[in-house]
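See below for final03.txt, which holds compact mmCIF, C-alpha atoms and all ligand atoms.
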```txt
# COMPACT_ATOMS: atom_id res chain seq x y z
CA ASP A 29 6.78 19.80 11.94
CA PRO A 30 8.20 18.41 8.72
CA VAL A 31 9.52 14.87 9.22
CA LEU A 32 10.38 14.03 5.66
CA SER A 33 11.12 16.44 2.85
CA LEU A 34 11.83 15.68 -0.76
CA GLU A 35 13.54 18.32 -2.84
CA ASP A 36 13.55 18.06 -6.61
CA VAL A 37 13.79 14.26 -6.62
CA SER A 38 14.20 12.57 -10.01
CA ILE A 39 14.62 8.88 -10.77
CA SER A 40 15.18 7.23 -14.13
CA TYR A 41 15.53 3.71 -15.39
CA GLY A 42 18.17 4.07 -18.06
CA HIS A 43 16.85 6.75 -20.37
CA VAL A 44 13.31 6.44 -19.11
CA SER A 45 12.37 9.03 -16.53
CA ALA A 46 10.00 7.55 -13.91
CA VAL A 47 9.97 10.41 -11.37
CA THR A 48 10.72 14.01 -12.33
CA GLY A 49 11.46 16.91 -10.02
CA VAL A 50 9.28 15.90 -7.08
CA THR A 51 9.29 18.33 -4.16
CA LEU A 52 7.07 17.31 -1.25
CA THR A 53 6.96 17.61 2.54
CA LEU A 54 5.44 15.10 4.95
CA TYR A 55 4.47 16.41 8.39
CA ALA A 56 4.45 14.56 11.71
CA GLY A 57 1.21 12.69 12.31
CA GLU A 58 -0.35 13.37 8.94
CA THR A 59 -1.54 10.94 6.31
CA LEU A 60 -0.64 12.08 2.81
CA ALA A 61 -2.25 10.22 -0.08
CA LEU A 62 -0.05 9.85 -3.14
CA ILE A 63 -2.59 9.32 -5.90
CA GLY A 64 -1.76 8.28 -9.43
CA PRO A 65 -2.59 5.68 -12.07
CA ASN A 66 -0.59 2.53 -12.69
CA GLY A 67 2.87 3.52 -13.96
CA ALA A 68 2.74 7.05 -12.54
CA GLY A 69 5.89 6.47 -10.50
CA LYS A 70 4.44 5.91 -7.02
CA SER A 71 6.39 2.73 -6.23
CA THR A 72 9.53 4.20 -7.73
CA LEU A 73 9.24 7.26 -5.50
CA LEU A 74 8.73 5.16 -2.36
CA ARG A 75 11.72 3.00 -3.28
CA GLY A 76 13.72 6.15 -3.95
CA ILE A 77 12.94 7.52 -0.49
CA THR A 78 14.31 4.35 1.09
CA ASN A 79 17.24 4.16 -1.33
CA GLN A 80 16.21 0.86 -2.85
CA THR A 81 16.32 2.66 -6.18
CA ARG A 82 19.05 5.09 -7.14
CA LYS A 83 18.02 8.71 -7.51
CA SER A 84 19.42 10.65 -10.43
CA ASN A 85 18.83 13.95 -8.70
CA GLY A 86 17.45 15.54 -5.55
CA LYS A 87 17.74 15.61 -1.83
CA ILE A 88 15.75 13.91 0.93
CA ARG A 89 15.74 15.06 4.53
CA PHE A 90 14.47 13.18 7.54
CA GLY A 91 14.12 15.27 10.68
CA GLY A 92 16.59 17.75 9.19
CA ARG A 93 19.22 15.13 8.33
CA ASP A 94 20.20 14.50 4.73
CA ILE A 95 19.35 10.86 4.06
CA SER A 96 19.71 11.02 0.28
CA SER A 97 22.27 8.23 0.26
CA THR A 98 21.68 6.44 3.56
CA PRO A 99 21.39 2.68 2.98
CA PRO A 100 17.94 1.06 3.40
CA HIS A 101 18.72 -0.92 6.57
CA ARG A 102 19.86 2.23 8.34
CA LEU A 103 16.69 4.01 7.32
CA THR A 104 14.68 1.14 8.82
CA ARG A 105 16.72 1.51 12.00
CA ALA A 106 15.87 5.22 12.00
CA GLY A 107 12.12 4.52 11.68
CA ILE A 108 11.36 4.91 7.99
CA ILE A 109 9.37 1.75 7.34
CA HIS A 110 8.34 0.71 3.85
CA VAL A 111 5.52 -1.73 3.10
CA PRO A 112 5.99 -2.58 -0.57
CA GLU A 113 3.08 -3.77 -2.66
CA GLY A 114 2.51 -7.48 -2.68
CA ARG A 115 2.03 -8.27 1.02
CA GLN A 116 5.46 -9.06 2.32
CA VAL A 117 5.15 -11.85 4.87
CA VAL A 118 7.39 -14.77 5.68
CA ALA A 119 5.01 -17.48 4.46
CA PRO A 120 6.10 -20.48 6.58
CA LEU A 121 6.12 -18.49 9.82
CA THR A 122 2.97 -17.95 11.86
CA VAL A 123 1.39 -14.53 12.23
CA ARG A 124 2.87 -14.21 15.68
CA GLU A 125 6.35 -15.24 14.48
CA ASN A 126 6.17 -12.74 11.63
CA LEU A 127 5.42 -9.95 14.10
CA GLN A 128 8.16 -11.06 16.49
CA LEU A 129 10.68 -11.28 13.68
CA ALA A 130 9.81 -7.81 12.41
CA ALA A 131 10.30 -6.36 15.88
CA ARG A 132 13.73 -7.98 16.24
CA ALA A 133 14.90 -7.19 12.71
CA SER A 134 14.07 -3.50 13.05
CA ARG A 135 15.82 -3.29 16.43
CA ARG A 136 13.33 -0.56 17.29
CA CYS A 137 11.12 -2.45 19.72
CA PRO A 138 12.67 -3.23 23.12
CA ARG A 139 12.60 -7.00 23.73
CA ARG A 140 10.32 -6.82 26.76
CA GLU A 141 7.79 -4.71 24.88
CA ILE A 142 7.43 -7.11 21.95
CA GLU A 143 4.50 -9.10 23.36
CA ALA A 144 2.57 -5.95 24.28
CA SER A 145 3.19 -4.55 20.80
CA ILE A 146 1.91 -7.77 19.24
CA ASP A 147 -1.26 -7.46 21.32
CA ARG A 148 -1.69 -3.93 20.04
CA VAL A 149 -1.51 -5.21 16.45
CA TYR A 150 -4.25 -7.73 17.33
CA ASP A 151 -6.31 -4.87 18.73
CA LEU A 152 -6.00 -2.98 15.46
CA PHE A 153 -6.54 -5.99 13.21
CA ALA A 154 -8.97 -8.17 15.13
CA PRO A 155 -8.97 -11.06 12.59
CA LEU A 156 -5.27 -11.65 13.27
CA ALA A 157 -5.81 -12.55 16.91
CA ARG A 158 -7.48 -15.87 16.13
CA LEU A 159 -4.99 -16.55 13.33
CA ARG A 160 -1.93 -15.96 15.49
CA ASP A 161 -0.65 -19.53 15.19
CA THR A 162 -1.47 -19.97 11.50
CA PRO A 163 1.36 -19.90 8.94
CA SER A 164 1.04 -16.54 7.19
CA GLY A 165 1.25 -18.13 3.76
CA LEU A 166 -2.13 -19.78 4.37
CA LEU A 167 -3.94 -16.50 5.02
CA SER A 168 -6.11 -14.63 2.53
CA GLY A 169 -4.66 -11.64 0.69
CA GLY A 170 -6.35 -9.19 3.00
CA GLU A 171 -5.16 -10.99 6.11
CA GLN A 172 -1.62 -11.05 4.72
CA GLN A 173 -1.83 -7.32 4.10
CA MET A 174 -2.80 -6.90 7.77
CA VAL A 175 0.26 -8.94 8.77
CA ALA A 176 2.45 -6.85 6.45
CA ILE A 177 1.20 -3.62 8.01
CA GLY A 178 1.40 -5.18 11.48
CA ARG A 179 5.04 -6.06 10.83
CA ALA A 180 5.69 -2.43 9.92
CA LEU A 181 3.99 -1.26 13.12
CA MET A 182 6.22 -3.56 15.20
CA ALA A 183 9.12 -1.41 14.00
CA ARG A 184 7.51 1.67 15.56
CA PRO A 185 7.55 3.77 12.42
CA VAL A 186 8.21 7.47 12.44
CA VAL A 187 7.36 7.45 8.75
CA LEU A 188 5.25 4.66 7.25
CA LEU A 189 5.41 4.26 3.48
CA LEU A 190 2.48 2.16 2.27
CA ASP A 191 2.44 1.05 -1.35
CA GLU A 192 -1.07 0.31 -2.61
CA PRO A 193 -2.32 -1.63 0.41
CA SER A 194 -5.72 -2.12 -1.25
CA MET A 195 -4.33 -3.71 -4.41
CA GLY A 196 -6.01 -6.97 -5.32
CA LEU A 197 -8.09 -7.15 -2.15
CA ALA A 198 -11.75 -8.00 -1.80
CA PRO A 199 -13.80 -4.87 -1.00
CA VAL A 200 -14.54 -6.02 2.55
CA MET A 201 -10.81 -6.37 3.21
CA VAL A 202 -10.11 -2.97 1.73
CA GLU A 203 -12.60 -1.65 4.27
CA VAL A 204 -10.80 -3.33 7.15
CA ILE A 205 -7.42 -2.00 6.03
CA TYR A 206 -8.82 1.49 5.59
CA GLU A 207 -10.64 1.40 8.88
CA PHE A 208 -7.23 0.92 10.43
CA LEU A 209 -5.73 3.77 8.42
CA GLY A 210 -8.59 5.98 9.52
CA VAL A 211 -7.98 5.41 13.23
CA HIS A 212 -4.20 5.11 13.16
CA ARG A 213 -3.60 8.46 14.81
CA ASP A 214 -4.97 7.32 18.15
CA ALA A 215 -3.04 4.09 17.93
CA LEU A 216 0.23 5.39 16.58
CA GLY A 217 0.76 8.82 17.99
CA GLY A 218 2.85 10.90 15.65
CA THR A 219 3.50 8.45 12.83
CA ALA A 220 3.39 10.11 9.42
CA ILE A 221 1.96 8.00 6.60
CA LEU A 222 2.65 8.32 2.90
CA LEU A 223 -0.05 6.26 1.27
CA ALA A 224 0.27 5.43 -2.43
CA GLU A 225 -2.94 4.37 -4.14
CA GLN A 226 -4.49 4.41 -7.60
CA SER A 227 -7.99 4.89 -6.37
CA ARG A 228 -9.58 7.73 -4.51
CA ILE A 229 -10.30 5.49 -1.52
CA ALA A 230 -7.11 6.86 0.03
CA LEU A 231 -8.63 10.33 0.13
CA ASP A 232 -11.12 9.23 2.79
CA VAL A 233 -8.36 8.75 5.35
CA ALA A 234 -5.84 11.33 4.16
CA ASP A 235 -5.29 14.83 5.49
CA ARG A 236 -3.63 15.91 2.29
CA ALA A 237 -3.28 14.50 -1.18
CA ALA A 238 -0.61 14.73 -3.86
CA VAL A 239 -1.39 13.69 -7.41
CA LEU A 240 1.40 12.03 -9.37
CA SER A 241 1.06 11.63 -13.09
CA CYS A 242 3.79 10.51 -15.47
CA GLY A 243 6.33 11.02 -12.69
CA GLN A 244 5.36 14.61 -11.96
CA LEU A 245 3.41 16.09 -9.09
CA GLY A 246 0.30 18.07 -9.91
CA PHE A 247 -2.20 19.00 -7.22
CA VAL A 248 -0.89 19.02 -3.66
CA GLY A 249 -3.32 20.14 -0.96
CA PRO A 250 -6.09 19.18 1.44
CA SER A 251 -7.60 15.90 0.26
CA SER A 252 -11.08 17.40 0.55
CA ASP A 253 -10.10 19.97 -2.12
CA LEU A 254 -9.17 17.31 -4.62
CA ASN A 255 -12.17 17.02 -6.88
CA GLU A 256 -12.88 14.37 -9.44
CA SER A 257 -11.62 16.43 -12.36
CA LEU A 258 -8.09 16.51 -11.00
CA LEU A 259 -7.76 12.74 -10.83
P1 LIG B 301 3.27 -1.28 -10.45
O1 LIG B 301 1.89 -1.74 -10.19
O2 LIG B 301 3.87 -0.55 -9.32
O3 LIG B 301 3.42 -0.52 -11.75
P2 LIG B 301 4.46 -3.40 -11.86
O4 LIG B 301 3.57 -4.58 -11.90
O5 LIG B 301 4.53 -2.48 -13.04
O6 LIG B 301 4.14 -2.59 -10.57
O7 LIG B 301 5.93 -3.84 -11.53
C1 LIG B 301 6.25 -4.95 -10.76
C2 LIG B 301 7.75 -5.07 -10.69
O8 LIG B 301 8.32 -4.97 -11.99
C3 LIG B 301 8.39 -3.94 -9.89
O9 LIG B 301 9.42 -4.49 -9.08
C4 LIG B 301 8.96 -2.99 -10.90
O10 LIG B 301 10.15 -2.39 -10.43
C5 LIG B 301 9.24 -3.88 -12.09
N1 LIG B 301 8.98 -3.16 -13.34
C6 LIG B 301 7.91 -2.42 -13.62
N2 LIG B 301 7.99 -1.91 -14.85
C7 LIG B 301 9.15 -2.37 -15.37
C8 LIG B 301 9.81 -2.19 -16.61
N3 LIG B 301 9.29 -1.41 -17.57
N4 LIG B 301 10.98 -2.83 -16.78
C9 LIG B 301 11.48 -3.59 -15.82
N5 LIG B 301 10.92 -3.79 -14.62
C10 LIG B 301 9.78 -3.18 -14.40
P1 LIG B 302 3.35 3.04 -10.06
O1 LIG B 302 3.86 2.55 -8.76
O2 LIG B 302 2.74 4.41 -9.95
O3 LIG B 302 2.47 2.07 -10.76
P2 LIG B 302 6.05 2.60 -10.96
O4 LIG B 302 6.92 3.38 -10.07
O5 LIG B 302 5.92 1.14 -10.72
O6 LIG B 302 4.62 3.29 -11.01
O7 LIG B 302 6.52 2.80 -12.45
C1 LIG B 302 6.83 4.07 -13.00
C2 LIG B 302 7.41 3.89 -14.39
O8 LIG B 302 8.71 3.32 -14.26
C3 LIG B 302 6.62 2.96 -15.28
O9 LIG B 302 6.75 3.45 -16.59
C4 LIG B 302 7.33 1.63 -15.11
O10 LIG B 302 7.17 0.83 -16.26
C5 LIG B 302 8.76 2.07 -14.93
N1 LIG B 302 9.55 1.13 -14.08
C6 LIG B 302 9.25 0.78 -12.82
N2 LIG B 302 10.18 -0.07 -12.32
C7 LIG B 302 11.09 -0.23 -13.32
C8 LIG B 302 12.30 -0.98 -13.44
N3 LIG B 302 12.76 -1.72 -12.43
N4 LIG B 302 12.97 -0.90 -14.61
C9 LIG B 302 12.51 -0.14 -15.62
N5 LIG B 302 11.40 0.58 -15.58
C10 LIG B 302 10.68 0.55 -14.45
```

Take the structure in the file and write it out as structure tokens.
Ligand code: ADP
Ligand code: ADP
Amino acid sequence: DPVLSLEDVSISYGHVSAVTGVTLTLYAGETLALIGPNGAGKSTLLRGITNQTRKSNGKIRFGGRDISSTPPHRLTRAGIIHVPEGRQVVAPLTVRENLQLAARASRRCPRREIEASIDRVYDLFAPLARLRDTPSGLLSGGEQQMVAIGRALMARPVVLLLDEPSMGLAPVMVEVIYEFLGVHRDALGGTAILLAEQSRIALDVADRAAVLSCGQLGFVGPSSDLNESLL
């Protein structure tokens, strides 16, 4: 079933067009890799979906509802959870406090299920368990990215928008993050993931891939069909 559909979405910054005529459907439970070089428009598109950036044209539907102009906080409430690039954590708060806060702020995790959900995040990202009482600002980049994704999971996403989770990470941390993305289906049930990346690493965990270049979609199809020449 389609959970999120974009129809002819365009976004410009002044006269500069960053995203042009993007039509794309995300299905329940799938991971769709959005592949494109720096400046291709990936971040702009993710921000457009969550209405953090104004669209100049196009329609977005979530479970059949038109959400083209729904404000960001209501989209969070509805289960569209965005993890922007740059590891968004509340630095002075511990790992555990970050996860608790994310659960409360989203209002999507019942209060008495918060602790169990936190334990599930520790199951997914084992290194976080022993760091639970450490201020998040003291963690490594990779550990902070785990917290950022963990925070998103606390909101019980229906759609998870991940913006370049591997950016700036040591290879071993990229592996940990991607190991999670590879097994998420078991852990998350029907969550659909739109995963923006520059590198082809995203293809390893994606069901389908969409290639964005200069704001326009090219190839869209099974990630295994995306050969080197198309990137
Ligand atoms: P990305 O890796 O996604 O291209 P950038 O480093 O280019 O990210 O951008 C970082 C921040 O700067 C973002 O918040 C983005 O919106 C903003 N930004 C990027 N390009 C420009 C630009 N040409 N003018 C103004 N702001 C920009
Ligand atoms: P990507 O995420 O694929 O690196 P972006 O969405 O960050 O691409 O950027 C797409 C284009 O839009 C780039 O040319 C970038 O410079 C421009 N851009 C991004 N954010 C802004 C902004 N806030 N103001 C002006 N231009 C921007």

For A:Ser241, list every protein, DNA or RNA residue within 10 Å, evaluated using all atoms listed in the file, and leave out those in the same chain fewer than 6 positions away; present the list as a list in words.
Ala46, Val47, Thr48, Ile63, Gly64, Pro65, Asn66, Gly67, Ala68, Gly69, Lys70, Phe247 and Leu259 of chain A

How many Å lie between atom CA of A:Leu152 and atom CA of A:Phe90, rounded to one decimal?
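These two atoms are separated by 27.3 Å.
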
Just checking: using all atoms listed in the file, which residue out of A:Ala224, A:Leu34, A:Val239, A:Ala198 ends up closest to ligand LIG 301 (chain B)?
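So, comparing all the options, the nearest one is A:Ala224.
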
Pick out the residues no farther than 12 Å from ligand LIG 302 (chain B), counting all atoms listed in the file, and list them as a ChimeraX atom specification.
/A:38-48,62-76,80-82,112-114,190-193,195,223-227,239-245

Find, counting only C-alpha atoms and all ligand atoms, the residue in A:Ala230, A:Val187, A:Ser194, A:Val37 that gets nearest to ligand LIG 301 (chain B).
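Closest candidate: A:Ser194.
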
Quick one: residues within 7 Å of A:Leu189, only C-alpha atoms, excluding same-chain residues fewer than 6 positions away - as a compact mmCIF listing (two decimals) with C-alpha atoms, keeping the file's coordinate frame?
```txt
# COMPACT_ATOMS: atom_id res chain seq x y z
CA LEU A 74 8.73 5.16 -2.36
CA ILE A 109 9.37 1.75 7.34
CA HIS A 110 8.34 0.71 3.85
CA VAL A 111 5.52 -1.73 3.10
CA ILE A 221 1.96 8.00 6.60
CA LEU A 222 2.65 8.32 2.90
CA LEU A 223 -0.05 6.26 1.27
```

From the set A:Ile146, A:Val117, A:Leu209, A:Met182, which residue has the shortest atom-to-atom contact distance to A:Ser164, counting only C-alpha atoms?
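Of all the options, A:Val117 lies closest to A:Ser164.
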
Between A:Gly196, A:Pro155, A:Pro99, A:Pro185, single out the one closest to ligand LIG 301 (chain B), counting all atoms listed in the file.
A:Gly196

Residues within 8 Å of (-9.3, -5.0, 9.3), counting only C-alpha atoms, listed as a list in words
Leu152, Phe153, Ala154, Pro155, Glu171, Met174, Met201, Val202, Glu203, Val204, Ile205, Tyr206, Glu207 and Phe208 of chain A

How many Å lie between atom C10 of ligand LIG 301 (chain B) and atom CA of A:Asn79, rounded to one decimal?
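Going from atom C10 of ligand LIG 301 (chain B) over to atom CA of A:Asn79, I get 16.7 Å.
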
Expressed in Å, the length from atom CA of A:Thr53 to atom CA of A:Ser145 is 29.0 Å

Considering only C-alpha atoms, state which residue in the set A:Ser252, A:Ser84, A:Gly178, A:Val200 is at the smallest distance from A:Asp151.
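Once distances to A:Asp151 are computed over only C-alpha atoms, the minimum belongs to A:Gly178.
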
As a PDB file, in the coordinates of the input, the rebuilt stretch 156-167 of chain A with all heavy atoms:
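The resulting file, rebuild38.pdb, is shown below:
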```pdb
ATOM      1  N   LEU A 156      -6.577 -11.009  13.093  1.00  0.00           N
ATOM      2  CA  LEU A 156      -5.270 -11.650  13.270  1.00  0.00           C
ATOM      3  C   LEU A 156      -5.148 -12.382  14.602  1.00  0.00           C
ATOM      4  O   LEU A 156      -4.360 -13.318  14.739  1.00  0.00           O
ATOM      5  CB  LEU A 156      -4.130 -10.623  13.153  1.00  0.00           C
ATOM      6  CG  LEU A 156      -3.943  -9.970  11.783  1.00  0.00           C
ATOM      7  CD1 LEU A 156      -2.686  -9.099  11.794  1.00  0.00           C
ATOM      8  CD2 LEU A 156      -3.854 -11.016  10.679  1.00  0.00           C
ATOM      9  N   ALA A 157      -5.940 -11.966  15.584  1.00  0.00           N
ATOM     10  CA  ALA A 157      -5.810 -12.550  16.910  1.00  0.00           C
ATOM     11  C   ALA A 157      -6.088 -14.059  16.885  1.00  0.00           C
ATOM     12  O   ALA A 157      -5.346 -14.855  17.443  1.00  0.00           O
ATOM     13  CB  ALA A 157      -6.742 -11.847  17.891  1.00  0.00           C
ATOM     14  N   ARG A 158      -7.158 -14.435  16.161  1.00  0.00           N
ATOM     15  CA  ARG A 158      -7.480 -15.870  16.130  1.00  0.00           C
ATOM     16  C   ARG A 158      -6.619 -16.629  15.133  1.00  0.00           C
ATOM     17  O   ARG A 158      -6.641 -17.865  15.085  1.00  0.00           O
ATOM     18  CB  ARG A 158      -8.973 -16.085  15.860  1.00  0.00           C
ATOM     19  CG  ARG A 158      -9.422 -15.553  14.529  1.00  0.00           C
ATOM     20  CD  ARG A 158     -10.916 -15.748  14.257  1.00  0.00           C
ATOM     21  NE  ARG A 158     -11.282 -15.004  13.060  1.00  0.00           N
ATOM     22  CZ  ARG A 158     -11.033 -15.424  11.825  1.00  0.00           C
ATOM     23  NH1 ARG A 158     -10.457 -16.584  11.607  1.00  0.00           N
ATOM     24  NH2 ARG A 158     -11.366 -14.681  10.783  1.00  0.00           N
ATOM     25  N   LEU A 159      -5.855 -15.909  14.323  1.00  0.00           N
ATOM     26  CA  LEU A 159      -4.990 -16.550  13.330  1.00  0.00           C
ATOM     27  C   LEU A 159      -3.530 -16.556  13.780  1.00  0.00           C
ATOM     28  O   LEU A 159      -2.634 -16.883  13.008  1.00  0.00           O
ATOM     29  CB  LEU A 159      -5.090 -15.796  11.988  1.00  0.00           C
ATOM     30  CG  LEU A 159      -6.459 -15.823  11.299  1.00  0.00           C
ATOM     31  CD1 LEU A 159      -6.518 -14.792  10.180  1.00  0.00           C
ATOM     32  CD2 LEU A 159      -6.748 -17.221  10.757  1.00  0.00           C
ATOM     33  N   ARG A 160      -3.302 -16.205  15.044  1.00  0.00           N
ATOM     34  CA  ARG A 160      -1.930 -15.960  15.490  1.00  0.00           C
ATOM     35  C   ARG A 160      -0.993 -17.146  15.262  1.00  0.00           C
ATOM     36  O   ARG A 160       0.196 -16.950  15.023  1.00  0.00           O
ATOM     37  CB  ARG A 160      -1.902 -15.514  16.946  1.00  0.00           C
ATOM     38  CG  ARG A 160      -2.341 -16.574  17.945  1.00  0.00           C
ATOM     39  CD  ARG A 160      -2.369 -15.980  19.337  1.00  0.00           C
ATOM     40  NE  ARG A 160      -3.556 -15.125  19.515  1.00  0.00           N
ATOM     41  CZ  ARG A 160      -3.689 -14.220  20.479  1.00  0.00           C
ATOM     42  NH1 ARG A 160      -2.709 -14.008  21.336  1.00  0.00           N
ATOM     43  NH2 ARG A 160      -4.782 -13.517  20.585  1.00  0.00           N
ATOM     44  N   ASP A 161      -1.524 -18.374  15.343  1.00  0.00           N
ATOM     45  CA  ASP A 161      -0.650 -19.530  15.190  1.00  0.00           C
ATOM     46  C   ASP A 161      -0.741 -20.190  13.808  1.00  0.00           C
ATOM     47  O   ASP A 161      -0.260 -21.303  13.605  1.00  0.00           O
ATOM     48  CB  ASP A 161      -0.969 -20.565  16.280  1.00  0.00           C
ATOM     49  CG  ASP A 161      -0.672 -19.993  17.664  1.00  0.00           C
ATOM     50  OD1 ASP A 161       0.371 -19.326  17.814  1.00  0.00           O
ATOM     51  OD2 ASP A 161      -1.500 -20.173  18.578  1.00  0.00           O
ATOM     52  N   THR A 162      -1.347 -19.462  12.878  1.00  0.00           N
ATOM     53  CA  THR A 162      -1.470 -19.970  11.500  1.00  0.00           C
ATOM     54  C   THR A 162      -0.290 -19.473  10.662  1.00  0.00           C
ATOM     55  O   THR A 162       0.072 -18.297  10.748  1.00  0.00           O
ATOM     56  CB  THR A 162      -2.787 -19.441  10.869  1.00  0.00           C
ATOM     57  OG1 THR A 162      -3.879 -19.811  11.705  1.00  0.00           O
ATOM     58  CG2 THR A 162      -2.984 -20.002   9.466  1.00  0.00           C
ATOM     59  N   PRO A 163       0.300 -20.368   9.855  1.00  0.00           N
ATOM     60  CA  PRO A 163       1.360 -19.900   8.940  1.00  0.00           C
ATOM     61  C   PRO A 163       0.805 -18.801   8.031  1.00  0.00           C
ATOM     62  O   PRO A 163      -0.278 -18.954   7.462  1.00  0.00           O
ATOM     63  CB  PRO A 163       1.702 -21.163   8.139  1.00  0.00           C
ATOM     64  CG  PRO A 163       1.288 -22.304   9.010  1.00  0.00           C
ATOM     65  CD  PRO A 163       0.076 -21.814   9.765  1.00  0.00           C
ATOM     66  N   SER A 164       1.548 -17.709   7.906  1.00  0.00           N
ATOM     67  CA  SER A 164       1.040 -16.540   7.190  1.00  0.00           C
ATOM     68  C   SER A 164       0.738 -16.829   5.727  1.00  0.00           C
ATOM     69  O   SER A 164      -0.141 -16.213   5.133  1.00  0.00           O
ATOM     70  CB  SER A 164       2.039 -15.392   7.297  1.00  0.00           C
ATOM     71  OG  SER A 164       2.164 -15.024   8.642  1.00  0.00           O
ATOM     72  N   GLY A 165       1.474 -17.780   5.156  1.00  0.00           N
ATOM     73  CA  GLY A 165       1.250 -18.130   3.760  1.00  0.00           C
ATOM     74  C   GLY A 165      -0.125 -18.722   3.498  1.00  0.00           C
ATOM     75  O   GLY A 165      -0.580 -18.766   2.356  1.00  0.00           O
ATOM     76  N   LEU A 166      -0.801 -19.186   4.548  1.00  0.00           N
ATOM     77  CA  LEU A 166      -2.130 -19.780   4.370  1.00  0.00           C
ATOM     78  C   LEU A 166      -3.250 -18.754   4.484  1.00  0.00           C
ATOM     79  O   LEU A 166      -4.417 -19.063   4.261  1.00  0.00           O
ATOM     80  CB  LEU A 166      -2.358 -20.885   5.421  1.00  0.00           C
ATOM     81  CG  LEU A 166      -1.393 -22.078   5.379  1.00  0.00           C
ATOM     82  CD1 LEU A 166      -1.742 -23.088   6.463  1.00  0.00           C
ATOM     83  CD2 LEU A 166      -1.413 -22.745   3.996  1.00  0.00           C
ATOM     84  N   LEU A 167      -2.903 -17.520   4.828  1.00  0.00           N
ATOM     85  CA  LEU A 167      -3.940 -16.500   5.020  1.00  0.00           C
ATOM     86  C   LEU A 167      -4.421 -15.947   3.683  1.00  0.00           C
ATOM     87  O   LEU A 167      -3.737 -16.059   2.667  1.00  0.00           O
ATOM     88  CB  LEU A 167      -3.382 -15.344   5.868  1.00  0.00           C
ATOM     89  CG  LEU A 167      -2.773 -15.697   7.223  1.00  0.00           C
ATOM     90  CD1 LEU A 167      -2.349 -14.430   7.942  1.00  0.00           C
ATOM     91  CD2 LEU A 167      -3.749 -16.493   8.068  1.00  0.00           C
TER      92      LEU A 167
END
```
